[in-house]
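Structure file upload.txt (compact mmCIF, C-alpha atoms and all ligand atoms) is printed below.
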```txt
# COMPACT_ATOMS: atom_id res chain seq x y z
CA MET A 19 19.22 -24.01 4.18
CA GLN A 20 15.59 -25.06 4.67
CA HIS A 21 14.25 -23.02 1.74
CA ASP A 22 15.38 -21.47 -1.53
CA ALA A 23 13.46 -18.32 -0.63
CA ILE A 24 11.47 -16.90 2.23
CA ILE A 25 8.87 -14.25 1.43
CA VAL A 26 7.78 -11.95 4.25
CA GLY A 27 4.23 -10.84 3.37
CA GLY A 28 1.65 -12.74 1.36
CA GLY A 29 -0.19 -9.82 -0.22
CA PHE A 30 -0.18 -8.90 -3.91
CA ALA A 31 3.60 -8.55 -4.29
CA GLY A 32 4.51 -11.50 -2.09
CA LEU A 33 2.10 -13.96 -3.74
CA ALA A 34 3.21 -12.83 -7.22
CA ALA A 35 6.87 -13.43 -6.28
CA ALA A 36 5.94 -16.82 -4.82
CA THR A 37 4.01 -17.84 -7.94
CA TYR A 38 7.03 -17.26 -10.19
CA LEU A 39 9.42 -19.04 -7.82
CA ALA A 40 6.99 -21.95 -7.51
CA ARG A 41 6.73 -22.21 -11.29
CA ALA A 42 10.54 -22.32 -11.36
CA ARG A 43 10.21 -25.38 -9.09
CA ARG A 44 11.83 -23.66 -6.12
CA ASN A 45 11.10 -24.29 -2.49
CA VAL A 46 9.34 -21.21 -1.10
CA ARG A 47 8.09 -20.33 2.37
CA ILE A 48 5.64 -17.44 2.67
CA LEU A 49 4.88 -15.80 6.01
CA ASP A 50 1.76 -13.67 6.16
CA THR A 51 -0.33 -11.87 8.77
CA GLY A 52 -3.33 -11.44 6.45
CA LYS A 53 -3.73 -7.65 6.60
CA PRO A 54 -3.31 -6.24 3.08
CA ARG A 55 -3.35 -2.46 2.92
CA ASN A 56 -6.57 -2.26 0.88
CA ARG A 57 -8.60 -4.49 3.24
CA PHE A 58 -10.77 -1.46 4.11
CA ALA A 59 -12.12 -1.23 0.54
CA GLU A 60 -14.89 -3.53 -0.70
CA ALA A 61 -13.74 -3.32 -4.33
CA SER A 62 -10.31 -3.06 -5.91
CA HIS A 63 -10.19 -1.15 -9.17
CA GLY A 64 -7.82 -0.99 -12.11
CA PHE A 65 -6.19 -4.44 -11.94
CA LEU A 66 -6.56 -6.00 -15.38
CA GLY A 67 -9.32 -8.59 -15.52
CA GLN A 68 -10.26 -7.93 -11.86
CA ASP A 69 -11.64 -4.38 -12.01
CA GLY A 70 -14.16 -4.08 -9.17
CA SER A 71 -13.33 -7.43 -7.56
CA ASN A 72 -13.15 -7.76 -3.80
CA PRO A 73 -9.47 -7.54 -2.73
CA ALA A 74 -9.76 -10.40 -0.22
CA GLU A 75 -11.25 -12.61 -2.96
CA ILE A 76 -8.38 -11.84 -5.36
CA LEU A 77 -5.86 -12.80 -2.68
CA ALA A 78 -7.81 -15.90 -1.65
CA ALA A 79 -7.80 -17.12 -5.27
CA ALA A 80 -4.04 -16.46 -5.56
CA ARG A 81 -3.40 -18.34 -2.30
CA ALA A 82 -5.50 -21.30 -3.43
CA GLN A 83 -3.72 -21.46 -6.80
CA LEU A 84 -0.31 -21.30 -5.11
CA GLN A 85 -1.12 -24.13 -2.75
CA ALA A 86 -1.39 -26.43 -5.76
CA TYR A 87 2.43 -26.25 -6.01
CA ASP A 88 4.05 -28.83 -3.72
CA SER A 89 7.15 -26.70 -3.18
CA VAL A 90 5.20 -23.83 -1.58
CA GLU A 91 4.48 -23.53 2.13
CA LEU A 92 2.26 -20.71 3.31
CA THR A 93 2.30 -19.99 7.03
CA ASP A 94 -0.04 -17.55 8.79
CA ALA A 95 2.63 -16.01 10.98
CA ARG A 96 4.47 -12.74 11.55
CA ALA A 97 8.15 -12.47 10.78
CA SER A 98 9.50 -10.68 13.82
CA GLU A 99 13.24 -10.59 13.11
CA ALA A 100 15.71 -11.33 10.35
CA ARG A 101 19.48 -11.64 10.26
CA ALA A 102 22.06 -12.37 7.63
CA ILE A 103 23.80 -15.74 7.93
CA GLU A 104 26.43 -17.38 5.75
CA ASN A 105 24.99 -17.69 2.20
CA GLY A 106 21.53 -16.54 3.21
CA PHE A 107 19.14 -15.30 5.84
CA ALA A 108 17.47 -16.49 9.03
CA VAL A 109 13.97 -15.25 9.84
CA SER A 110 12.32 -15.61 13.25
CA LEU A 111 8.59 -16.12 13.45
CA ALA A 112 6.70 -14.33 16.22
CA GLN A 113 5.91 -17.78 17.71
CA GLY A 114 9.65 -18.40 18.19
CA GLU A 115 10.63 -20.73 15.32
CA GLU A 116 13.61 -19.69 13.14
CA ILE A 117 13.70 -20.58 9.44
CA THR A 118 16.47 -20.14 6.86
CA ALA A 119 16.74 -19.52 3.13
CA ARG A 120 19.27 -18.51 0.51
CA LYS A 121 17.18 -15.55 -0.66
CA LEU A 122 14.78 -13.30 1.21
CA ILE A 123 11.99 -11.25 -0.39
CA LEU A 124 10.36 -8.52 1.68
CA ALA A 125 6.76 -7.76 0.65
CA PHE A 126 5.21 -6.82 3.97
CA GLY A 127 3.41 -3.68 2.78
CA LEU A 128 2.55 -0.40 4.45
CA HIS A 129 -0.02 0.97 6.86
CA ASP A 130 -1.50 4.43 6.66
CA GLU A 131 -1.48 7.06 9.38
CA LEU A 132 -4.85 8.77 9.08
CA PRO A 133 -5.67 12.25 10.39
CA ASP A 134 -7.16 12.21 13.85
CA LEU A 135 -10.60 13.60 12.90
CA PRO A 136 -13.98 12.15 13.93
CA GLY A 137 -15.48 10.08 11.10
CA VAL A 138 -12.29 9.44 9.12
CA GLN A 139 -11.23 5.99 10.35
CA GLU A 140 -14.53 4.16 9.68
CA ARG A 141 -14.86 5.72 6.19
CA TRP A 142 -11.30 4.88 5.06
CA GLY A 143 -11.39 3.05 1.72
CA LYS A 144 -15.11 3.76 1.29
CA THR A 145 -15.72 7.53 1.18
CA VAL A 146 -12.37 8.73 2.59
CA LEU A 147 -9.86 7.95 -0.13
CA HIS A 148 -6.27 8.52 -1.17
CA CYS A 149 -6.17 7.46 -4.82
CA PRO A 150 -8.55 8.80 -7.48
CA TYR A 151 -7.40 6.17 -10.01
CA CYS A 152 -8.54 3.47 -7.55
CA HIS A 153 -11.88 4.90 -6.42
CA GLY A 154 -12.48 8.26 -8.14
CA PHE A 155 -14.66 6.99 -11.00
CA GLU A 156 -17.34 5.81 -8.55
CA PHE A 157 -17.78 9.41 -7.32
CA SER A 158 -17.77 11.08 -10.74
CA ASP A 159 -19.37 14.54 -10.90
CA ARG A 160 -20.29 14.54 -7.21
CA PRO A 161 -18.97 17.18 -4.77
CA LEU A 162 -15.44 16.15 -3.80
CA GLY A 163 -13.13 17.33 -1.05
CA VAL A 164 -9.40 17.27 -0.35
CA LEU A 165 -8.18 17.68 3.22
CA TYR A 166 -5.00 19.74 3.40
CA ARG A 167 -2.21 17.78 5.09
CA THR A 168 1.01 18.72 3.27
CA PRO A 169 1.91 20.96 0.32
CA MET A 170 1.22 17.86 -1.83
CA SER A 171 -2.49 18.33 -1.04
CA VAL A 172 -2.46 21.38 -3.33
CA HIS A 173 -1.37 19.19 -6.22
CA GLN A 174 -3.86 16.50 -5.21
CA ALA A 175 -6.76 19.00 -5.22
CA GLN A 176 -5.87 20.17 -8.73
CA LEU A 177 -5.86 16.56 -9.97
CA ILE A 178 -9.15 15.63 -8.28
CA THR A 179 -11.03 18.23 -10.37
CA GLU A 180 -10.79 15.68 -13.20
CA TRP A 181 -13.46 13.67 -11.36
CA GLY A 182 -15.80 16.37 -10.05
CA PRO A 183 -16.21 19.84 -8.46
CA THR A 184 -13.51 20.02 -5.79
CA THR A 185 -13.07 21.91 -2.52
CA LEU A 186 -9.71 22.06 -0.69
CA TYR A 187 -10.33 22.11 3.07
CA LEU A 188 -7.35 23.99 4.48
CA ASN A 189 -8.27 23.09 8.07
CA GLY A 190 -6.36 26.13 9.33
CA ALA A 191 -3.31 25.79 7.02
CA GLU A 192 -2.15 28.71 4.90
CA LEU A 193 -1.42 28.77 1.17
CA SER A 194 1.14 30.81 -0.73
CA GLY A 195 -0.18 33.22 -3.35
CA ASN A 196 1.20 30.98 -6.07
CA GLU A 197 -0.58 27.89 -4.67
CA ALA A 198 -3.89 29.76 -4.43
CA ALA A 199 -3.52 30.96 -8.04
CA GLN A 200 -2.85 27.38 -9.25
CA LEU A 201 -5.94 26.14 -7.41
CA TYR A 202 -8.19 28.89 -8.80
CA ALA A 203 -6.89 28.17 -12.31
CA ARG A 204 -8.13 24.57 -11.95
CA GLY A 205 -11.47 25.73 -10.48
CA VAL A 206 -10.76 24.41 -6.95
CA ARG A 207 -12.85 26.06 -4.21
CA ILE A 208 -10.80 26.91 -1.11
CA GLU A 209 -12.35 26.50 2.35
CA PRO A 210 -10.07 27.97 5.05
CA ALA A 211 -12.08 27.07 8.20
CA PRO A 212 -10.83 24.38 10.60
CA VAL A 213 -12.56 21.00 10.15
CA LEU A 214 -14.39 19.46 13.11
CA GLY A 215 -15.34 16.12 11.58
CA LEU A 216 -17.19 14.15 8.92
CA ALA A 217 -20.95 13.53 8.77
CA GLY A 218 -23.10 11.01 6.91
CA LYS A 219 -25.10 7.83 7.36
CA GLY A 220 -22.95 4.77 8.09
CA THR A 221 -19.82 4.95 5.97
CA ASP A 222 -21.46 7.33 3.46
CA LEU A 223 -20.20 10.89 3.52
CA SER A 224 -22.59 13.80 3.10
CA ALA A 225 -20.84 16.78 4.72
CA ILE A 226 -17.72 18.18 6.33
CA GLU A 227 -18.56 19.90 9.62
CA LEU A 228 -16.62 23.15 10.05
CA ALA A 229 -15.55 24.80 13.32
CA ASP A 230 -17.53 27.97 12.56
CA GLY A 231 -20.80 26.00 12.58
CA ARG A 232 -21.23 25.65 8.82
CA SER A 233 -21.32 22.32 7.06
CA SER A 234 -20.09 21.74 3.52
CA ALA A 235 -21.67 19.12 1.22
CA VAL A 236 -19.22 16.48 -0.02
CA SER A 237 -19.55 12.85 -1.21
CA ALA A 238 -15.91 11.75 -0.99
CA LEU A 239 -12.91 13.21 0.83
CA TYR A 240 -9.36 12.66 -0.39
CA ILE A 241 -6.45 12.72 2.00
CA ALA A 242 -2.73 12.14 1.54
CA PRO A 243 -1.87 9.74 4.36
CA ARG A 244 1.66 9.18 5.57
CA SER A 245 2.44 5.51 4.94
CA CYS A 246 4.76 3.52 7.23
CA LEU A 247 6.55 0.19 6.84
CA ASN A 248 4.67 -2.68 8.50
CA SER A 249 7.87 -4.34 9.77
CA PRO A 250 11.36 -3.37 11.03
CA VAL A 251 12.98 -6.33 9.21
CA ALA A 252 14.59 -4.16 6.48
CA GLU A 253 16.21 -1.93 9.13
CA GLN A 254 17.41 -5.02 11.01
CA LEU A 255 19.20 -6.17 7.86
CA ASP A 256 20.72 -2.71 7.26
CA ALA A 257 19.00 -2.22 3.90
CA ARG A 258 19.01 1.37 2.69
CA ILE A 259 15.67 3.15 3.18
CA ASP A 260 14.91 6.43 1.40
CA GLU A 261 12.34 9.04 2.34
CA GLY A 262 9.70 9.16 -0.41
CA PRO A 263 6.85 11.62 -1.00
CA MET A 264 4.44 9.63 1.19
CA GLY A 265 6.82 7.88 3.58
CA PRO A 266 9.76 5.46 3.64
CA ILE A 267 10.74 3.44 0.54
CA ILE A 268 13.17 0.52 0.68
CA HIS A 269 15.81 1.27 -1.95
CA THR A 270 15.93 -1.32 -4.76
CA ASP A 271 17.60 -1.66 -8.15
CA GLY A 272 15.92 -2.69 -11.42
CA ASP A 273 15.86 -6.33 -10.22
CA LYS A 274 14.12 -5.24 -6.99
CA MET A 275 17.24 -6.17 -5.04
CA THR A 276 17.94 -4.00 -2.00
CA THR A 277 21.38 -2.69 -1.04
CA VAL A 278 21.91 -6.04 0.77
CA PRO A 279 22.94 -8.82 -1.66
CA GLY A 280 20.33 -11.60 -1.84
CA LEU A 281 17.66 -9.43 -0.17
CA TYR A 282 14.79 -8.24 -2.41
CA ALA A 283 11.88 -5.90 -1.70
CA ALA A 284 8.65 -5.64 -3.68
CA GLY A 285 5.32 -3.84 -3.66
CA ASP A 286 4.35 -0.70 -1.75
CA ILE A 287 7.42 -0.85 0.52
CA ALA A 288 9.79 -0.49 -2.42
CA ARG A 289 8.13 2.06 -4.68
CA ALA A 290 5.91 5.09 -5.06
CA PRO A 291 3.22 5.46 -6.26
CA HIS A 292 1.30 2.35 -5.26
CA SER A 293 -1.24 0.00 -6.81
CA VAL A 294 -2.11 -3.68 -6.96
CA SER A 295 -0.85 -3.88 -10.56
CA TRP A 296 2.51 -2.33 -9.66
CA ALA A 297 2.83 -4.54 -6.57
CA VAL A 298 2.18 -7.65 -8.67
CA ALA A 299 4.68 -6.49 -11.31
CA ASP A 300 7.31 -5.85 -8.63
CA GLY A 301 6.64 -9.26 -7.11
CA VAL A 302 7.20 -10.90 -10.50
CA THR A 303 10.48 -8.98 -10.88
CA ALA A 304 11.68 -9.90 -7.39
CA GLY A 305 10.67 -13.54 -7.83
CA THR A 306 12.37 -13.99 -11.19
CA SER A 307 15.46 -12.02 -10.07
CA ALA A 308 15.81 -14.16 -6.94
CA HIS A 309 15.42 -17.27 -9.08
CA ARG A 310 18.16 -16.20 -11.51
CA ALA A 311 20.42 -15.38 -8.56
CA LEU A 312 19.81 -18.88 -7.17
CA VAL A 313 20.88 -20.33 -10.53
CA PHE A 314 23.79 -18.06 -11.43
CA GLY A 315 24.58 -16.20 -8.18
C1 LIG B 1 -7.98 2.03 1.21
C2 LIG B 1 -7.15 1.57 0.05
C3 LIG B 1 -7.75 1.20 -1.14
C4 LIG B 1 -6.97 0.81 -2.22
N1 LIG B 1 -7.59 0.50 -3.40
C5 LIG B 1 -6.85 0.11 -4.45
C6 LIG B 1 -7.48 -0.18 -5.70
O1 LIG B 1 -8.70 -0.06 -5.86
N2 LIG B 1 -6.68 -0.56 -6.73
C7 LIG B 1 -5.32 -0.68 -6.61
O2 LIG B 1 -4.65 -1.04 -7.58
N3 LIG B 1 -4.70 -0.41 -5.43
C8 LIG B 1 -5.43 -0.02 -4.36
N4 LIG B 1 -4.81 0.27 -3.17
C9 LIG B 1 -3.35 0.08 -3.06
C10 LIG B 1 -3.06 -1.41 -2.75
O3 LIG B 1 -3.74 -1.79 -1.58
C11 LIG B 1 -1.55 -1.63 -2.55
O4 LIG B 1 -0.83 -1.04 -3.63
C12 LIG B 1 -1.26 -3.14 -2.48
O5 LIG B 1 -1.99 -3.73 -1.43
C13 LIG B 1 0.24 -3.36 -2.26
O6 LIG B 1 0.51 -4.72 -2.22
P1 LIG B 1 1.70 -5.28 -1.30
O7 LIG B 1 1.79 -6.72 -1.59
O8 LIG B 1 2.89 -4.43 -1.46
O9 LIG B 1 1.21 -5.05 0.20
P2 LIG B 1 -0.10 -5.60 0.93
O10 LIG B 1 -1.15 -5.94 -0.04
O11 LIG B 1 -0.41 -4.59 1.99
O12 LIG B 1 0.36 -6.98 1.59
C14 LIG B 1 1.31 -7.04 2.61
C15 LIG B 1 1.08 -8.32 3.41
O13 LIG B 1 2.17 -8.52 4.33
C16 LIG B 1 1.65 -8.91 5.58
N5 LIG B 1 2.63 -8.58 6.62
C17 LIG B 1 2.93 -7.38 7.17
N6 LIG B 1 3.92 -7.48 8.06
C18 LIG B 1 4.25 -8.80 8.10
C19 LIG B 1 5.21 -9.53 8.85
N7 LIG B 1 6.05 -8.95 9.70
N8 LIG B 1 5.26 -10.88 8.68
C20 LIG B 1 4.44 -11.50 7.79
N9 LIG B 1 3.50 -10.83 7.05
C21 LIG B 1 3.43 -9.51 7.21
C22 LIG B 1 0.33 -8.13 5.69
O14 LIG B 1 -0.54 -8.70 6.65
C23 LIG B 1 -0.19 -8.26 4.24
O15 LIG B 1 -0.94 -9.44 4.07
C24 LIG B 1 -5.56 0.72 -2.09
C25 LIG B 1 -4.95 1.08 -0.87
C26 LIG B 1 -5.73 1.52 0.18
C27 LIG B 1 -5.06 1.93 1.46
```
Kindly transcribe the structure held in the file into structure tokens.
Amino acid sequence: MQHDAIIVGGGFAGLAAATYLARARRNVRILDTGKPRNRFAEASHGFLGQDGSNPAEILAAARAQLQAYDSVELTDARASEARAIENGFAVSLAQGEEITARKLILAFGLHDELPDLPGVQERWGKTVLHCPYCHGFEFSDRPLGVLYRTPMSVHQAQLITEWGPTTLYLNGAELSGNEAAQLYARGVRIEPAPVLGLAGKGTDLSAIELADGRSSAVSALYIAPRSCLNSPVAEQLDARIDEGPMGPIIHTDGDKMTTVPGLYAAGDIARAPHSVSWAVADGVTAGTSAHRALVFG
């Protein structure tokens, strides 16, 4: 084997796993395409000691610190395929090279499928948001919106009232009597009209344009995106994948090992809900579990 461990994805989970394996003096190869899920946001919130830091700067610092360990090799490349081999795994890089390791950690993250509405894409991570814990504080007490996408949006709208006056934009969807009663009880305003698009200067949001010609003032719009795995590698290795509330989740045990022995998964792809702190914690678990399996396995 060329490496003790290969890590597919050098975001928050992957770099955390690599750091612990490096500190255990193991030979680690990280493959990364450099597109962390939160790259659309200028500031990352809630990560201890880094509240408000730029996400790319946090990752750049982690990369630089890792490169001080001689046993770590970080390659800017996409893992295109993986297969199980005797006592380990072989991973193909998109450029054609194949590398091998005894353990494989998947940390390739998710991408979000956004609603196809004018003005959403360019505001994603700025004024179109999914997580109030990440970005809600910055819009405290301003008019807030939730775009109905699934029945979960009803729950989301009730939660968002913690941060400011909230309108649920049904965009043509219908509510049950019970859902409407829950929303009224939390003071959520319900707007039934179909949504045409978002308006505002640059990436600011000032209004939701409605199909009946009205426009509704709002400073931030929450949506519940469906999140998809960035890579088919887990499927290729026959790891079990469950359907979670927001999309697929690679099934892992308490050590972050998948249903395939020696294969670990960490970060957004192997949990719900998601955050940088949880991704880092999962990466630490996967890294230390893989290390113990190298020693005792
Ligand atoms: C808009 C937005 C804002 C957010 N803001 C916050 C916030 O303020 N605070 C917070 O705690 N959380 C925030 N999050 C959540 C946070 O981004 C994720 O929880 C975190 O990025 C998950 O880390 P990860 O390592 O699992 O995945 P990622 O950080 O997404 O890293 C995955 C890495 O794998 C790489 N990769 C993908 N496929 C391959 C492949 N085949 N081969 C090699 N490399 C590959 C990607 O390029 C990427 O670098 C936000 C999310 C979004 C969408």
Self-check item: Contact residues around A:Ala225 with only C-alpha atoms at 6 Å, ignoring same-chain residues under 6 positions, as a list in words
Solution: Ala217, Ser234, Ala235 and Val236 of chain A
With C-alpha atoms retained, could you export that selection as a tab-separated table (two decimals), keeping the file's coordinate frame?
```
chain	number	residue	atom	x	y	z
A	217	ALA	CA	-20.95	13.53	8.77
A	234	SER	CA	-20.09	21.74	3.52
A	235	ALA	CA	-21.67	19.12	1.22
A	236	VAL	CA	-19.22	16.48	-0.02
```
Exercise. Check every protein, DNA and RNA residue against ligand LIG 1 (chain B), keep those with an atom at most 6 Å away (counting all atoms listed in the file), and present them as a ChimeraX atom specification.
Key: /A:26-32,49-56,58-59,62-65,95-98,125-128,142-143,152-153,248-249,285-286,292-295,297
Suppose we keep C-alpha atoms; can you now write the selection as a PDB file, in the frame of the given file?
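Written out: selection.pdb:
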```
ATOM      1  CA  VAL A  26       7.780 -11.950   4.250  1.00  0.00           C
ATOM      2  CA  GLY A  27       4.230 -10.840   3.370  1.00  0.00           C
ATOM      3  CA  GLY A  28       1.650 -12.740   1.360  1.00  0.00           C
ATOM      4  CA  GLY A  29      -0.190  -9.820  -0.220  1.00  0.00           C
ATOM      5  CA  PHE A  30      -0.180  -8.900  -3.910  1.00  0.00           C
ATOM      6  CA  ALA A  31       3.600  -8.550  -4.290  1.00  0.00           C
ATOM      7  CA  GLY A  32       4.510 -11.500  -2.090  1.00  0.00           C
ATOM      8  CA  LEU A  49       4.880 -15.800   6.010  1.00  0.00           C
ATOM      9  CA  ASP A  50       1.760 -13.670   6.160  1.00  0.00           C
ATOM     10  CA  THR A  51      -0.330 -11.870   8.770  1.00  0.00           C
ATOM     11  CA  GLY A  52      -3.330 -11.440   6.450  1.00  0.00           C
ATOM     12  CA  LYS A  53      -3.730  -7.650   6.600  1.00  0.00           C
ATOM     13  CA  PRO A  54      -3.310  -6.240   3.080  1.00  0.00           C
ATOM     14  CA  ARG A  55      -3.350  -2.460   2.920  1.00  0.00           C
ATOM     15  CA  ASN A  56      -6.570  -2.260   0.880  1.00  0.00           C
ATOM     16  CA  PHE A  58     -10.770  -1.460   4.110  1.00  0.00           C
ATOM     17  CA  ALA A  59     -12.120  -1.230   0.540  1.00  0.00           C
ATOM     18  CA  SER A  62     -10.310  -3.060  -5.910  1.00  0.00           C
ATOM     19  CA  HIS A  63     -10.190  -1.150  -9.170  1.00  0.00           C
ATOM     20  CA  GLY A  64      -7.820  -0.990 -12.110  1.00  0.00           C
ATOM     21  CA  PHE A  65      -6.190  -4.440 -11.940  1.00  0.00           C
ATOM     22  CA  ALA A  95       2.630 -16.010  10.980  1.00  0.00           C
ATOM     23  CA  ARG A  96       4.470 -12.740  11.550  1.00  0.00           C
ATOM     24  CA  ALA A  97       8.150 -12.470  10.780  1.00  0.00           C
ATOM     25  CA  SER A  98       9.500 -10.680  13.820  1.00  0.00           C
ATOM     26  CA  ALA A 125       6.760  -7.760   0.650  1.00  0.00           C
ATOM     27  CA  PHE A 126       5.210  -6.820   3.970  1.00  0.00           C
ATOM     28  CA  GLY A 127       3.410  -3.680   2.780  1.00  0.00           C
ATOM     29  CA  LEU A 128       2.550  -0.400   4.450  1.00  0.00           C
ATOM     30  CA  TRP A 142     -11.300   4.880   5.060  1.00  0.00           C
ATOM     31  CA  GLY A 143     -11.390   3.050   1.720  1.00  0.00           C
ATOM     32  CA  CYS A 152      -8.540   3.470  -7.550  1.00  0.00           C
ATOM     33  CA  HIS A 153     -11.880   4.900  -6.420  1.00  0.00           C
ATOM     34  CA  ASN A 248       4.670  -2.680   8.500  1.00  0.00           C
ATOM     35  CA  SER A 249       7.870  -4.340   9.770  1.00  0.00           C
ATOM     36  CA  GLY A 285       5.320  -3.840  -3.660  1.00  0.00           C
ATOM     37  CA  ASP A 286       4.350  -0.700  -1.750  1.00  0.00           C
ATOM     38  CA  HIS A 292       1.300   2.350  -5.260  1.00  0.00           C
ATOM     39  CA  SER A 293      -1.240   0.000  -6.810  1.00  0.00           C
ATOM     40  CA  VAL A 294      -2.110  -3.680  -6.960  1.00  0.00           C
ATOM     41  CA  SER A 295      -0.850  -3.880 -10.560  1.00  0.00           C
ATOM     42  CA  ALA A 297       2.830  -4.540  -6.570  1.00  0.00           C
TER      43      ALA A 297
END
```
Practice problem: Find the residues near A:Gly301: any atom within 6 Å, counting only C-alpha atoms, skip ones fewer than 2 places away on the same chain, and give them as a PyMOL selection string. | Solution: chain A and resi 31-32+34-35+284+298-299+303-305
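Nearest to A:Glu60 of all the residues A:Thr221, A:Val251, A:Arg44, A:Pro210 is A:Thr221, counting only C-alpha atoms.
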Quiz item: So which residues touch A:Thr277 within 10 Å, counting only C-alpha atoms, skipping near sequence neighbours fewer than 5 positions away, as a VMD selection string?
Solution: chain A and resid 255 to 259 268 to 271 282
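Using all atoms listed in the file, the shortest contact distance between A:Gln113 and any of A:Asp22, A:Glu131, A:Asp94, A:Asp222 is found at A:Asp94.
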Practice problem: May I have the residues within 6 Å of stretch 164-178 of chain A as a ChimeraX atom specification, using all atoms listed in the file and disregarding those fewer than 5 positions away in the same chain? | Solution: /A:186-188,204,239-241
Self-check item: Among the residues A:Lys121, A:Arg289, A:Arg47, A:Glu99, the one that comes closest to A:Gln85 [using only C-alpha atoms]
Solution: A:Arg47
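Closest to A:Pro291 among A:Leu214, A:Val278, A:Ile267, A:Leu201 is A:Ile267, based on only C-alpha atoms.
Using only C-alpha atoms for every distance, the candidate list A:Pro279, A:Gly231, A:Pro73, A:Pro133 yields A:Pro73 as the residue closest to A:Ala61.
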Practice problem: Compute the distance from (-19.6, 23.8, 7.1) to each atom, counting only C-alpha atoms, keep the residues with any atom at most 10 Å away, and return them as a PyMOL selection string; use the coordinates of the file. | Solution: chain A and resi 209+211-215+225-235
Practice problem: Could you check how far atom CA of A:Asp300 sits from atom CA of A:Ala36, in Å to one decimal? | Solution: 11.7 Å
Quiz item: A:Val206, A:Ile48, A:Leu111, A:Ile123: which is nearest A:Arg81, counting all atoms listed in the file?
Solution: A:Ile48
Quiz item: When you draw a straight line from atom CA of A:Tyr151 to atom CA of A:Gln139, how long is it in Å?
Solution: 20.7 Å
Self-check item: Protein, DNA and RNA residues within 10 Å of (-1.7, -23.6, -1.1), only C-alpha atoms, as an MDAnalysis selection string
Solution: chainID A and resid 78:93
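Of note, atom CA of A:Ile208 and atom CA of A:Gly190 are spaced 11.4 Å apart.
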Practice problem: Could you give me, as a PyMOL selection string, the residues within 7 Å of stretch 101-110 of chain A, counting all atoms listed in the file and dropping anything in the same chain fewer than 6 positions from it? | Solution: chain A and resi 116-122+254-255
